[in-house]
Amino acid sequence: MKKTARNNGFPKPPRSLSIEARRWWNRLQAEYELGDEAARFLLETALTAFDRMRQAQQAIAEDGVTVRDKFGQLKINPAVNAERDARSGMLMAFKSLCLDVEPLRDGVGRPPGR
């Protein structure tokens, strides 16, 4: 999808998204042409996965990467897998959107491909 000038006529974010995800929705809708239904579906899918990732990260922050089972043995917190899966889903949905990412600035550094 091509990068466009600010478009004030874009759809409002779904109410099911968090405030943080709604900000991303507005930012991406304003910056890119995401006018068709399929693109909006992919964006909603990506941002729903983003919210799940954030929820899992919060659970990990509260409970740690490992938890004790009923026998007192350490095991991986199930939220770690939930975070990984949500991140993977989010990245796949964003990749499917084919957003053009341009460098922030031209300048110092090696040119691409070298």
# chains A, B, ... in the order shown; residues from 1 in each chain; ligands from 1

call {"tool": "residues_around", "arguments": {"residues": "range 9-26 of chain A", "least_positions_apart": "6", "cutoff": "10 Å", "atoms": "only C-alpha atoms", "output": "PyMOL selection string"}}
result
chain A and resi 33-35+40+43-44+46-52+54

call {"tool": "write_last_selection", "arguments": {"atoms": "C-alpha atoms", "output": "compact mmCIF listing (two decimals), in the first residue's frame"}}
result
# COMPACT_ATOMS: atom_id res chain seq x y z
CA GLU A 33 -4.33 3.97 2.16
CA LEU A 34 -6.25 1.30 4.05
CA GLY A 35 -9.54 1.95 2.36
CA ARG A 40 -9.21 -2.87 7.65
CA LEU A 43 -5.38 -4.00 10.64
CA GLU A 44 -8.00 -4.95 13.21
CA ALA A 46 -3.02 -7.07 13.93
CA LEU A 47 -4.16 -4.66 16.63
CA THR A 48 -6.26 -7.27 18.42
CA ALA A 49 -3.15 -9.46 18.53
CA PHE A 50 -1.21 -6.41 19.77
CA ASP A 51 -3.68 -6.07 22.65
CA ARG A 52 -3.33 -9.78 23.49
CA ARG A 54 0.23 -6.48 25.87

call {"tool": "select_by_dssp", "arguments": {"residues": "chain A", "states": "alpha helix (DSSP H)", "output": "MDAnalysis selection string"}}
result
chainID A and resid 19:31 37:63 78:97

call {"tool": "select_by_dssp", "arguments": {"residues": "range 42-82 of chain A", "states": "strand (DSSP E or B)", "output": "ChimeraX atom specification"}}
result
/A:66-68,74-76

call {"tool": "atom_distance", "arguments": {"atom1": "CA of Leu28 in chain A", "atom2": "CA of Ala86 in chain A"}}
result
19.4 Å

call {"tool": "residues_around", "arguments": {"residues": "Ser96 in chain A", "least_positions_apart": "3", "cutoff": "9 Å", "atoms": "only C-alpha atoms", "output": "PyMOL selection string"}}
result
chain A and resi 39+42+91-93+99

call {"tool": "write_last_selection", "arguments": {"atoms": "all heavy atoms", "output": "mmCIF file, in the first residue's frame"}}
result
data_model
loop_
_atom_site.group_PDB
_atom_site.id
_atom_site.type_symbol
_atom_site.label_atom_id
_atom_site.label_comp_id
_atom_site.auth_asym_id
_atom_site.auth_seq_id
_atom_site.Cartn_x
_atom_site.Cartn_y
_atom_site.Cartn_z
ATOM 1 N N ALA A 39 -8.161 -4.732 4.042
ATOM 2 C CA ALA A 39 -7.069 -4.057 4.746
ATOM 3 C C ALA A 39 -7.497 -3.683 6.163
ATOM 4 O O ALA A 39 -6.716 -3.839 7.110
ATOM 5 C CB ALA A 39 -6.627 -2.817 3.977
ATOM 6 N N LEU A 42 -7.398 -6.818 8.268
ATOM 7 C CA LEU A 42 -6.028 -7.167 8.658
ATOM 8 C C LEU A 42 -5.504 -6.234 9.738
ATOM 9 O O LEU A 42 -4.826 -6.673 10.671
ATOM 10 C CB LEU A 42 -5.104 -7.141 7.436
ATOM 11 C CG LEU A 42 -5.251 -8.310 6.470
ATOM 12 C CD1 LEU A 42 -4.471 -8.042 5.193
ATOM 13 C CD2 LEU A 42 -4.804 -9.603 7.128
ATOM 14 N N LEU A 91 2.556 -9.669 13.766
ATOM 15 C CA LEU A 91 3.546 -9.428 12.719
ATOM 16 C C LEU A 91 3.097 -9.981 11.371
ATOM 17 O O LEU A 91 3.304 -9.341 10.335
ATOM 18 C CB LEU A 91 4.902 -10.007 13.123
ATOM 19 C CG LEU A 91 5.576 -9.316 14.307
ATOM 20 C CD1 LEU A 91 6.838 -10.072 14.714
ATOM 21 C CD2 LEU A 91 5.872 -7.863 14.005
ATOM 22 N N MET A 92 2.447 -11.145 11.380
ATOM 23 C CA MET A 92 1.954 -11.705 10.118
ATOM 24 C C MET A 92 0.860 -10.825 9.515
ATOM 25 O O MET A 92 0.833 -10.611 8.298
ATOM 26 C CB MET A 92 1.444 -13.129 10.331
ATOM 27 C CG MET A 92 2.567 -14.133 10.477
ATOM 28 S SD MET A 92 2.037 -15.869 10.409
ATOM 29 C CE MET A 92 0.840 -15.963 11.700
ATOM 30 N N ALA A 93 -0.024 -10.310 10.353
ATOM 31 C CA ALA A 93 -1.086 -9.443 9.844
ATOM 32 C C ALA A 93 -0.500 -8.143 9.300
ATOM 33 O O ALA A 93 -0.904 -7.675 8.232
ATOM 34 C CB ALA A 93 -2.114 -9.163 10.936
ATOM 35 N N LEU A 99 2.669 -2.641 4.046
ATOM 36 C CA LEU A 99 2.887 -1.212 4.248
ATOM 37 C C LEU A 99 4.288 -0.850 3.789
ATOM 38 O O LEU A 99 5.261 -1.525 4.127
ATOM 39 C CB LEU A 99 2.716 -0.834 5.720
ATOM 40 C CG LEU A 99 1.358 -1.180 6.341
ATOM 41 C CD1 LEU A 99 1.359 -0.810 7.817
ATOM 42 C CD2 LEU A 99 0.236 -0.490 5.613
#

call {"tool": "residues_around", "arguments": {"residues": "Met53 in chain A", "least_positions_apart": "3", "cutoff": "10 Å", "atoms": "only C-alpha atoms", "output": "number ranges by chain"}}
result
A: 47-50, 56-59, 79-90

call {"tool": "write_last_selection", "arguments": {"atoms": "all heavy atoms", "output": "short mmCIF file (atom, residue, chain, number, x, y, z; two decimals), in the first residue's frame"}}
result
data_model
loop_
_atom_site.label_atom_id
_atom_site.label_comp_id
_atom_site.auth_asym_id
_atom_site.auth_seq_id
_atom_site.Cartn_x
_atom_site.Cartn_y
_atom_site.Cartn_z
N LEU A 47 -4.05 -5.44 15.39
CA LEU A 47 -4.16 -4.66 16.63
C LEU A 47 -4.83 -5.44 17.75
O LEU A 47 -4.54 -5.21 18.92
CB LEU A 47 -4.86 -3.33 16.35
CG LEU A 47 -4.04 -2.40 15.46
CD1 LEU A 47 -4.84 -1.16 15.09
CD2 LEU A 47 -2.72 -2.02 16.11
N THR A 48 -5.70 -6.37 17.40
CA THR A 48 -6.26 -7.27 18.42
C THR A 48 -5.15 -8.16 18.98
O THR A 48 -5.05 -8.36 20.19
CB THR A 48 -7.40 -8.12 17.82
OG1 THR A 48 -8.44 -7.24 17.39
CG2 THR A 48 -7.96 -9.09 18.84
N ALA A 49 -4.30 -8.66 18.09
CA ALA A 49 -3.15 -9.46 18.53
C ALA A 49 -2.20 -8.60 19.37
O ALA A 49 -1.63 -9.07 20.35
CB ALA A 49 -2.43 -10.05 17.33
N PHE A 50 -2.03 -7.34 18.99
CA PHE A 50 -1.21 -6.41 19.77
C PHE A 50 -1.75 -6.29 21.19
O PHE A 50 -0.99 -6.35 22.16
CB PHE A 50 -1.21 -5.04 19.08
CG PHE A 50 -0.57 -3.94 19.87
CD1 PHE A 50 0.81 -3.81 19.93
CD2 PHE A 50 -1.35 -3.03 20.56
CE1 PHE A 50 1.40 -2.80 20.66
CE2 PHE A 50 -0.77 -2.02 21.29
CZ PHE A 50 0.60 -1.90 21.34
N ALA A 56 -0.60 -10.31 27.80
CA ALA A 56 0.33 -11.37 28.21
C ALA A 56 1.57 -10.77 28.85
O ALA A 56 2.08 -11.29 29.86
CB ALA A 56 0.71 -12.23 27.00
N GLN A 57 2.07 -9.67 28.31
CA GLN A 57 3.25 -9.02 28.89
C GLN A 57 2.95 -8.54 30.32
O GLN A 57 3.80 -8.63 31.20
CB GLN A 57 3.69 -7.85 28.02
CG GLN A 57 4.32 -8.28 26.72
CD GLN A 57 4.56 -7.14 25.75
OE1 GLN A 57 3.92 -6.09 25.83
NE2 GLN A 57 5.47 -7.36 24.81
N GLN A 58 1.74 -8.05 30.53
CA GLN A 58 1.35 -7.61 31.87
C GLN A 58 1.32 -8.80 32.84
O GLN A 58 1.80 -8.71 33.97
CB GLN A 58 -0.02 -6.92 31.84
CG GLN A 58 -0.48 -6.41 33.18
CD GLN A 58 0.43 -5.34 33.75
OE1 GLN A 58 0.95 -4.51 33.03
NE2 GLN A 58 0.62 -5.37 35.05
N ALA A 59 0.77 -9.92 32.39
CA ALA A 59 0.73 -11.12 33.23
C ALA A 59 2.14 -11.60 33.56
O ALA A 59 2.42 -12.01 34.70
CB ALA A 59 -0.06 -12.23 32.53
N ALA A 79 1.57 -17.45 29.95
CA ALA A 79 1.50 -16.14 29.30
C ALA A 79 2.68 -15.92 28.36
O ALA A 79 2.58 -15.14 27.41
CB ALA A 79 1.43 -15.03 30.34
N VAL A 80 3.80 -16.60 28.60
CA VAL A 80 4.97 -16.47 27.71
C VAL A 80 4.60 -16.98 26.31
O VAL A 80 4.90 -16.34 25.30
CB VAL A 80 6.19 -17.22 28.29
CG1 VAL A 80 7.32 -17.29 27.27
CG2 VAL A 80 6.65 -16.55 29.57
N ASN A 81 3.92 -18.12 26.27
CA ASN A 81 3.50 -18.67 24.97
C ASN A 81 2.41 -17.79 24.35
O ASN A 81 2.41 -17.60 23.12
CB ASN A 81 3.00 -20.10 25.13
CG ASN A 81 4.11 -21.04 25.55
OD1 ASN A 81 5.27 -20.80 25.26
ND2 ASN A 81 3.75 -22.10 26.24
N ALA A 82 1.53 -17.28 25.16
CA ALA A 82 0.48 -16.39 24.64
C ALA A 82 1.09 -15.13 24.04
O ALA A 82 0.66 -14.66 22.98
CB ALA A 82 -0.51 -16.04 25.75
N GLU A 83 2.12 -14.59 24.71
CA GLU A 83 2.80 -13.40 24.19
C GLU A 83 3.45 -13.71 22.84
O GLU A 83 3.30 -12.95 21.88
CB GLU A 83 3.85 -12.91 25.17
CG GLU A 83 4.62 -11.70 24.66
CD GLU A 83 5.85 -11.36 25.48
OE1 GLU A 83 6.35 -12.24 26.20
OE2 GLU A 83 6.32 -10.22 25.39
N ARG A 84 4.15 -14.83 22.77
CA ARG A 84 4.83 -15.22 21.53
C ARG A 84 3.84 -15.40 20.39
O ARG A 84 4.04 -14.90 19.28
CB ARG A 84 5.60 -16.52 21.75
CG ARG A 84 6.32 -17.03 20.51
CD ARG A 84 6.66 -18.51 20.59
NE ARG A 84 5.42 -19.28 20.73
CZ ARG A 84 5.32 -20.37 21.48
NH1 ARG A 84 6.35 -20.83 22.17
NH2 ARG A 84 4.18 -21.02 21.56
N ASP A 85 2.75 -16.10 20.68
CA ASP A 85 1.75 -16.36 19.63
C ASP A 85 1.07 -15.08 19.18
O ASP A 85 0.83 -14.89 17.98
CB ASP A 85 0.71 -17.37 20.13
CG ASP A 85 1.31 -18.75 20.38
OD1 ASP A 85 2.45 -19.01 19.93
OD2 ASP A 85 0.63 -19.56 21.04
N ALA A 86 0.75 -14.20 20.12
CA ALA A 86 0.11 -12.93 19.76
C ALA A 86 1.06 -12.07 18.93
O ALA A 86 0.66 -11.45 17.94
CB ALA A 86 -0.35 -12.20 21.01
N ARG A 87 2.33 -12.02 19.32
CA ARG A 87 3.32 -11.24 18.55
C ARG A 87 3.44 -11.79 17.14
O ARG A 87 3.47 -11.03 16.17
CB ARG A 87 4.68 -11.26 19.24
CG ARG A 87 5.73 -10.47 18.45
CD ARG A 87 7.12 -10.49 19.06
NE ARG A 87 7.12 -9.83 20.35
CZ ARG A 87 7.35 -10.44 21.51
NH1 ARG A 87 7.63 -11.73 21.55
NH2 ARG A 87 7.34 -9.77 22.63
N SER A 88 3.49 -13.10 17.01
CA SER A 88 3.60 -13.72 15.70
C SER A 88 2.38 -13.38 14.83
O SER A 88 2.52 -13.01 13.66
CB SER A 88 3.73 -15.23 15.86
OG SER A 88 3.76 -15.86 14.61
N GLY A 89 1.19 -13.48 15.41
CA GLY A 89 -0.02 -13.14 14.67
C GLY A 89 -0.05 -11.68 14.26
O GLY A 89 -0.45 -11.34 13.14
N MET A 90 0.37 -10.82 15.16
CA MET A 90 0.41 -9.39 14.87
C MET A 90 1.36 -9.11 13.72
O MET A 90 1.01 -8.40 12.76
CB MET A 90 0.86 -8.61 16.11
CG MET A 90 0.99 -7.11 15.90
SD MET A 90 1.75 -6.27 17.31
CE MET A 90 3.43 -6.86 17.24
#

call {"tool": "residues_around", "arguments": {"residues": "Val67 in chain A", "least_positions_apart": "3", "cutoff": "9 Å", "atoms": "only C-alpha atoms", "output": "list in words"}}
result
Asp63, Gly64, Gly72, Gln73, Leu74, Lys75, Ile76, Asn77 and Pro78 of chain A

call {"tool": "write_last_selection", "arguments": {"atoms": "C-alpha atoms", "output": "mmCIF file, in the first residue's frame"}}
result
data_model
loop_
_atom_site.group_PDB
_atom_site.id
_atom_site.type_symbol
_atom_site.label_atom_id
_atom_site.label_comp_id
_atom_site.auth_asym_id
_atom_site.auth_seq_id
_atom_site.Cartn_x
_atom_site.Cartn_y
_atom_site.Cartn_z
ATOM 1 C CA ASP A 63 3.806 -13.355 37.781
ATOM 2 C CA GLY A 64 7.243 -13.738 36.214
ATOM 3 C CA GLY A 72 5.942 -26.755 43.554
ATOM 4 C CA GLN A 73 7.973 -27.302 40.399
ATOM 5 C CA LEU A 74 8.916 -24.342 38.219
ATOM 6 C CA LYS A 75 7.353 -24.252 34.782
ATOM 7 C CA ILE A 76 7.099 -21.647 32.084
ATOM 8 C CA ASN A 77 4.301 -19.154 32.605
ATOM 9 C CA PRO A 78 1.592 -19.888 29.987
#

call {"tool": "atom_distance", "arguments": {"atom1": "CA of Phe41 in chain A", "atom2": "CA of Phe94 in chain A"}}
result
10.9 Å

call {"tool": "closest_residue", "arguments": {"among": "A:Tyr32, A:Asp69, A:Leu97, A:Glu62", "to": "Thr45 in chain A", "atoms": "only C-alpha atoms"}}
result
A:Leu97
